[in-house]
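**Student:** Please read through the structure below; I'll follow up with questions.
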Amino acid sequence: MFPRDFAWGAGTAAYQIEGGWQADGKGPSIWDTFSHEKGRVFGDQNGDVACNSYELWEKDLECIQQLGLTHYRLSVSWARLLPDGTTRHVNQKGVQYYSKVIDDLLACNVSPMVTLYHFDLPQALQNEGGWTSPGIAAHFDNYAKFCFQAFGDRVKLWITINEPQVCAKLGHEDGIHAPGLKEKGTAAYLAGHNMLRAHAMAWSSYDSVYRPKQKGAVSLAINSDWFEPLHPGSGEDMKAAERDLAFTMGWFAWPVFVTGDYPEIMRSAVDAQSEKLKYSGPPRLPTFSEDEPAILGTADFFALNYYTSRKVESGGGRGEGLCMKSDRDAEEVLDPSWPVCGVSWLAVVPHGLRKLLKYIKDTFNNPAVYVTENGFSQVGPPQIEDVQRCEFYKDTILEVGKAIEEDGVDVRGYFAWSLMDNFEWADGFSVRFGLFHVDFSDAKLTRTVYRSGREYAKIISRYKSAPCKGEQLAIRD
Ligand code: GAL
């Protein structure tokens with residue numbers, strides 16, 4: 001039983017689908033730079049063309065309609081709208097492109113959920129230090145205000161930043177995402193801090209200036225695995241699982257939903273390591289200034305990206321020096337009973353989503369929740385008859401249903417990742433998450449529905465036409 005107005009969606013992100021990397025005055029982003037460097041992406045592939053949604057948007061819209069989605073989550077490219085990242089110069093062609101996308105969606109009765117930042121910082125701002133520079137927050141706020149002004153009459157669901165944890169860690173600690181920094185144990189915390197400041201400023205601008213008229217809702221998309229102790233009886237493993245949750249979800253959710261500051265478990269773990277390793281630089285996990293918009297309360301709903309689960313035991317990264325892994329001090333392992341799909345990190349654990357949703361309800365004061373990403377990958381020769389992915393979606397949506405019905409979690413929507421196969425970051429086009437297959441070897445970039453796309457469409461139409469609980473009761477009365 002899903003609520004009548006439940007959002008049934010699918011998502012994409014600008015750099016992963018649009019192509020047109022230099023079209024009509026778009027500025028370069030850090031992913032343009034990064035993917036053009038040798039050895040960064042599988043097969044040295046890049047998103048120069050990707051699904052060419054910049055030119056083929058109408059084809060995407062056909063896919064959206066074929067699925068019967070009520071919502072579509074897309075991201076806008078900062079550098080397409082503001083080529084040097086600032087409002088000094090506006091690319092009107094970019095504004096027109098997104099305006100048309102939004103108008104077309106609404107004309108088809110599909111509500112857009114728009115992400116302002118999905119990993120693609122304008123290169124010009126990276127040249128000023130990117131997310132590690134404090135000034136980035138004001139740049140982001142100006143960009144967000146520009147978007148609220150341009151599209152907020154029609155867009156009612158906003159995500160400021162997608163997966164700040166991934167962006168901070170993979171881009172600044174591990175160096176496997178743009179901008180490719182490997183400043184272990186420092187830069188990721190700083191980048192994450194500035195993302196929280198940027199998010200809070202943008203939310204506050206929306207709240208005070210745009211919300212009264214536009215009446216929308218704004219949040220940030222927080223990614224997390226579900227973590228549980230490897231040995232449930234072990235106190236050490238239980239603490240390690242708690243630390244892992246704190247360093248992924250808590251890092252961003254705790255300041256926004258609970259205290260306005262980082263989780264205590266995280267701060268004490270980082271401080272303890274700094275002391276142990278005789279680190280003498282500025283505090284690695286910064287503190288928030290009283291003179292800036294408060295972080296607490298800056299989300300109108302909880303946006304969760306969930307993909308997988310991990311078992312955790314204590315003791316990770318020991319002897320590796322200053323790095324996030326040694327701060328976390330947790331080793332993550334896969335339960336051998338969990339099937340792995342496509343990529344090695346993606347164990348298929350639908351029930352982990354239900355557990356995480358319950359955890360969110362209990363920990364963050366029962367917020368409205370949207371599952372803004374969840375999906376199943378495929379590698380090797382394309383299989384249009386993707387039976388396993390069909391099962392995955394059925395099982396996962398059932399778990400979301402149980403979270404609503406049995407655990408009382410206020411889940412408002414579910415967005416499959418992704419509408420179609422696309423540029424999967426460092427994995428290029430070798431990993432496919434789509435509900436539609438895209439033939440990248442054909443200049444037309446033909447979109448073909450996977451069996452899982454047909455299955456998802458069936459699920460959506462069944463629930464859209466089913467009477468909701470309240471209505472059934474009313475009939476009986
Ligand atoms: C997320 C990301 C998406 C997509 C997905 C699958 O971390 O937001 O852009 O790539 O992972 O790996």
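We name chains A, B, ... following the order of the structure tokens; residues begin at 1 in each chain, and ligands are numbered from 1 as shown.
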Within 8 Å of ligand 1, which residues of chain A come that close, and what is the closest atom pair and distance in Å for each? Count only C-alpha atoms and all ligand atoms and give it as JSON lines.

**Tutor:**
{"residue": "A:Thr12", "atom": "CA", "partner": "ligand 1", "partner_atom_place_in_ligand_line": "9 (O)", "distance": 7.0}
{"residue": "A:Ala13", "atom": "CA", "partner": "ligand 1", "partner_atom_place_in_ligand_line": "9 (O)", "distance": 6.1}
{"residue": "A:Gln16", "atom": "CA", "partner": "ligand 1", "partner_atom_place_in_ligand_line": "9 (O)", "distance": 7.2}
{"residue": "A:His118", "atom": "CA", "partner": "ligand 1", "partner_atom_place_in_ligand_line": "8 (O)", "distance": 7.0}
{"residue": "A:Asn162", "atom": "CA", "partner": "ligand 1", "partner_atom_place_in_ligand_line": "8 (O)", "distance": 6.2}
{"residue": "A:Glu163", "atom": "CA", "partner": "ligand 1", "partner_atom_place_in_ligand_line": "8 (O)", "distance": 6.2}
{"residue": "A:Val166", "atom": "CA", "partner": "ligand 1", "partner_atom_place_in_ligand_line": "7 (O)", "distance": 6.6}
{"residue": "A:Asn223", "atom": "CA", "partner": "ligand 1", "partner_atom_place_in_ligand_line": "7 (O)", "distance": 7.2}
{"residue": "A:Asn305", "atom": "CA", "partner": "ligand 1", "partner_atom_place_in_ligand_line": "1 (C)", "distance": 7.3}
{"residue": "A:Tyr307", "atom": "CA", "partner": "ligand 1", "partner_atom_place_in_ligand_line": "11 (O)", "distance": 7.9}
{"residue": "A:Glu373", "atom": "CA", "partner": "ligand 1", "partner_atom_place_in_ligand_line": "8 (O)", "distance": 7.2}
{"residue": "A:Asn374", "atom": "CA", "partner": "ligand 1", "partner_atom_place_in_ligand_line": "5 (C)", "distance": 7.9}
{"residue": "A:Gly375", "atom": "CA", "partner": "ligand 1", "partner_atom_place_in_ligand_line": "6 (C)", "distance": 7.2}
{"residue": "A:Ser377", "atom": "CA", "partner": "ligand 1", "partner_atom_place_in_ligand_line": "6 (C)", "distance": 7.8}
{"residue": "A:Trp417", "atom": "CA", "partner": "ligand 1", "partner_atom_place_in_ligand_line": "5 (C)", "distance": 6.8}
{"residue": "A:Ser418", "atom": "CA", "partner": "ligand 1", "partner_atom_place_in_ligand_line": "4 (C)", "distance": 7.7}
{"residue": "A:Phe423", "atom": "CA", "partner": "ligand 1", "partner_atom_place_in_ligand_line": "10 (O)", "distance": 7.8}
{"residue": "A:Glu424", "atom": "CA", "partner": "ligand 1", "partner_atom_place_in_ligand_line": "10 (O)", "distance": 5.1}
{"residue": "A:Trp425", "atom": "CA", "partner": "ligand 1", "partner_atom_place_in_ligand_line": "10 (O)", "distance": 6.3}
{"residue": "A:Phe433", "atom": "CA", "partner": "ligand 1", "partner_atom_place_in_ligand_line": "6 (C)", "distance": 7.0}

**Student:** Name the residues in contact with Asn109 (chain A) at a cut-off of 9 Å, using only C-alpha atoms, excluding same-chain residues fewer than 2 positions from it; report them as a list of chain:residue names.

**Tutor:** A:Leu69, A:Thr70, A:His71, A:Asp104, A:Leu105, A:Leu106, A:Ala107, A:Ser111

**Student:** Quick one: write out the picked residues with C-alpha atoms as an mmCIF file, in the first residue's frame?

**Tutor:**
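Result saved to result-v9.cif:
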data_model
loop_
_atom_site.group_PDB
_atom_site.id
_atom_site.type_symbol
_atom_site.label_atom_id
_atom_site.label_comp_id
_atom_site.auth_asym_id
_atom_site.auth_seq_id
_atom_site.Cartn_x
_atom_site.Cartn_y
_atom_site.Cartn_z
ATOM 1 C CA LEU A 69 6.704 8.034 -14.035
ATOM 2 C CA THR A 70 5.055 10.639 -11.846
ATOM 3 C CA HIS A 71 8.445 12.275 -11.123
ATOM 4 C CA ASP A 104 7.851 19.390 -21.303
ATOM 5 C CA LEU A 105 7.797 17.313 -18.117
ATOM 6 C CA LEU A 106 4.988 19.364 -16.626
ATOM 7 C CA ALA A 107 3.034 19.197 -19.877
ATOM 8 C CA SER A 111 6.983 16.587 -11.680
#

**Student:** Ranking A:Leu419, A:Leu398, A:Leu81, A:Leu346 by minimum distance to Tyr306 (chain A) and counting only C-alpha atoms, which one comes first?

**Tutor:** A:Leu346

**Student:** For a test of reading the model, state the distance in Å between CA of Ala202 (chain A) and CA of Ala144 (chain A), rounded to one decimal.

**Tutor:** 6.0 Å

**Student:** Figure out the distance between CA of Ala457 (chain A) and CA of Gly68 (chain A), please, to one decimal in Å.

**Tutor:**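 The value is 6.0 Å.
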
**Student:** With distances taken over only C-alpha atoms, which residue among A:Arg73, A:Lys184, A:Lys276, A:Arg243 lies nearest Glu332 (chain A)?

**Tutor:**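 Among the listed residues, the smallest separation from Glu332 (chain A) belongs to A:Arg243.
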
**Student:** Enumerate, as a VMD selection string, the complete set of residues in region 9-258 of chain A that a backbone-based DSSP assignment places in helix (DSSP H, G or I).

**Tutor:** chain A and resid 14 to 17 23 to 25 30 to 35 42 to 44 53 to 67 78 to 81 92 to 107 123 to 126 130 to 132 136 to 151 164 to 172 187 to 214 235 to 258

**Student:** Write out, as a short mmCIF file (atom, residue, chain, number, x, y, z; two decimals), in the first residue's frame, the residues just selected, with C-alpha atoms.

**Tutor:**
data_model
loop_
_atom_site.label_atom_id
_atom_site.label_comp_id
_atom_site.auth_asym_id
_atom_site.auth_seq_id
_atom_site.Cartn_x
_atom_site.Cartn_y
_atom_site.Cartn_z
CA ALA A 14 23.71 16.16 -16.25
CA TYR A 15 27.28 15.00 -16.86
CA GLN A 16 26.22 11.37 -17.11
CA ILE A 17 23.69 11.90 -19.90
CA ALA A 23 27.71 23.23 -26.97
CA ASP A 24 26.24 26.73 -27.13
CA GLY A 25 28.72 28.33 -24.74
CA ILE A 30 35.85 19.32 -13.41
CA TRP A 31 34.49 16.13 -14.99
CA ASP A 32 35.35 17.43 -18.47
CA THR A 33 38.90 18.06 -17.29
CA PHE A 34 39.22 14.83 -15.32
CA SER A 35 37.83 12.50 -17.98
CA PHE A 42 37.75 3.09 -17.81
CA GLY A 43 39.02 2.93 -21.41
CA ASP A 44 39.76 6.68 -21.27
CA SER A 53 20.43 14.26 -24.01
CA TYR A 54 21.33 17.85 -24.84
CA GLU A 55 20.07 17.12 -28.35
CA LEU A 56 17.92 14.06 -27.74
CA TRP A 57 15.84 15.23 -24.79
CA GLU A 58 12.59 14.32 -26.57
CA LYS A 59 13.78 10.70 -26.69
CA ASP A 60 14.31 10.75 -22.92
CA LEU A 61 10.84 12.16 -22.47
CA GLU A 62 9.42 9.25 -24.47
CA CYS A 63 11.17 6.85 -22.08
CA ILE A 64 9.79 8.73 -19.07
CA GLN A 65 6.28 8.48 -20.48
CA GLN A 66 6.66 4.84 -21.38
CA LEU A 67 7.46 4.07 -17.74
CA TRP A 78 26.27 24.64 -13.23
CA ALA A 79 28.78 25.29 -16.03
CA ARG A 80 26.07 25.08 -18.70
CA LEU A 81 24.08 27.80 -16.94
CA GLN A 92 20.88 31.86 -22.00
CA LYS A 93 20.99 28.77 -24.22
CA GLY A 94 21.52 26.67 -21.12
CA VAL A 95 18.60 28.37 -19.37
CA GLN A 96 16.39 27.70 -22.39
CA TYR A 97 17.42 24.04 -22.50
CA TYR A 98 16.44 23.32 -18.89
CA SER A 99 13.36 25.49 -19.14
CA LYS A 100 12.12 23.39 -22.04
CA VAL A 101 12.89 20.15 -20.19
CA ILE A 102 10.90 21.35 -17.20
CA ASP A 103 7.99 22.63 -19.32
CA ASP A 104 7.85 19.39 -21.30
CA LEU A 105 7.80 17.31 -18.12
CA LEU A 106 4.99 19.36 -16.63
CA ALA A 107 3.03 19.20 -19.88
CA GLN A 123 36.43 24.23 -13.74
CA ALA A 124 36.82 27.99 -13.20
CA LEU A 125 35.82 27.52 -9.56
CA GLN A 126 38.08 24.52 -9.16
CA GLY A 130 36.99 24.25 -5.53
CA TRP A 131 35.21 22.71 -2.56
CA THR A 132 38.24 23.08 -0.31
CA ILE A 136 32.84 28.26 -2.73
CA ALA A 137 29.82 28.40 -0.41
CA ALA A 138 28.87 31.93 -1.49
CA HIS A 139 29.37 30.97 -5.16
CA PHE A 140 27.03 28.02 -4.67
CA ASP A 141 24.46 30.18 -2.92
CA ASN A 142 24.45 32.64 -5.84
CA TYR A 143 24.09 29.79 -8.31
CA ALA A 144 21.24 28.26 -6.29
CA LYS A 145 19.44 31.62 -6.12
CA PHE A 146 19.87 31.97 -9.86
CA CYS A 147 18.21 28.56 -10.38
CA PHE A 148 15.39 29.22 -7.89
CA GLN A 149 14.71 32.48 -9.73
CA ALA A 150 14.85 30.91 -13.20
CA PHE A 151 13.00 27.63 -12.58
CA PRO A 164 28.40 15.17 -0.51
CA GLN A 165 30.10 12.18 1.14
CA VAL A 166 30.97 10.58 -2.21
CA CYS A 167 31.99 13.89 -3.71
CA ALA A 168 34.24 14.74 -0.75
CA LYS A 169 35.80 11.32 -0.29
CA LEU A 170 36.14 9.98 -3.84
CA GLY A 171 37.16 13.38 -5.21
CA HIS A 172 39.49 14.61 -2.46
CA ALA A 187 40.80 17.67 2.11
CA ALA A 188 37.67 15.48 2.19
CA TYR A 189 36.64 16.85 5.60
CA LEU A 190 37.21 20.40 4.40
CA ALA A 191 35.30 19.81 1.14
CA GLY A 192 32.43 18.20 3.07
CA HIS A 193 32.39 21.13 5.49
CA ASN A 194 32.11 23.67 2.69
CA MET A 195 29.37 21.60 1.04
CA LEU A 196 27.36 21.75 4.25
CA ARG A 197 27.91 25.52 4.48
CA ALA A 198 26.93 25.90 0.82
CA HIS A 199 23.83 23.77 1.28
CA ALA A 200 22.73 25.67 4.39
CA MET A 201 23.17 29.04 2.68
CA ALA A 202 21.15 27.93 -0.34
CA TRP A 203 18.40 26.44 1.85
CA SER A 204 18.24 29.66 3.88
CA SER A 205 18.00 31.75 0.70
CA TYR A 206 15.16 29.57 -0.52
CA ASP A 207 13.43 29.67 2.83
CA SER A 208 13.50 33.43 3.21
CA VAL A 209 13.22 34.68 -0.37
CA TYR A 210 11.66 32.03 -2.62
CA ARG A 211 9.60 29.68 -0.49
CA PRO A 212 6.83 32.16 0.39
CA LYS A 213 5.91 32.40 -3.28
CA GLN A 214 7.22 29.19 -4.81
CA GLY A 235 30.69 -4.79 21.28
CA GLU A 236 33.70 -3.70 19.23
CA ASP A 237 31.99 -4.61 15.95
CA MET A 238 28.81 -2.87 17.04
CA LYS A 239 30.79 0.27 17.71
CA ALA A 240 32.55 -0.05 14.35
CA ALA A 241 29.19 -0.31 12.55
CA GLU A 242 28.02 2.81 14.41
CA ARG A 243 31.20 4.61 13.38
CA ASP A 244 30.66 3.64 9.76
CA LEU A 245 27.11 5.02 9.85
CA ALA A 246 28.43 8.20 11.47
CA PHE A 247 31.15 8.67 8.83
CA THR A 248 28.77 8.20 5.88
CA MET A 249 25.21 9.21 6.72
CA GLY A 250 25.88 10.97 10.03
CA TRP A 251 28.61 13.22 8.60
CA PHE A 252 25.91 15.17 6.73
CA ALA A 253 22.62 14.12 8.34
CA TRP A 254 23.63 14.81 11.95
CA PRO A 255 24.43 18.51 11.42
CA VAL A 256 21.30 19.05 9.31
CA PHE A 257 18.77 17.00 11.32
CA VAL A 258 20.07 16.63 14.88
#

**Student:** Write out as a list of chain:residue names the residues lying within 12 Å of Asp5 (chain A), counting only C-alpha atoms and excluding same-chain residues fewer than 3 positions away.

**Tutor:**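 Contacts, with the query itself left out: A:Met1, A:Phe2, A:Trp8, A:Thr70, A:His71, A:Ser111, A:Val411, A:Arg412, A:Gly413, A:Tyr414, A:Ile460, A:Tyr463, A:Lys464, A:Ser465, A:Ala466, A:Pro467, A:Cys468.
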
**Student:** For each of A:Val41, A:Ala217, A:Glu18, A:Glu405, take the minimum atom-to-atom distance to Gly175 (chain A), counting only C-alpha atoms, then give the residue where this is smallest.

**Tutor:**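 Under the stated criterion, the closest residue is A:Val41.
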
**Student:** For the atom pair CA of Val431 (chain A) and CA of Val379 (chain A), what is the interatomic distance in Å to one decimal place?

**Tutor:**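 It comes out at 5.1 Å.
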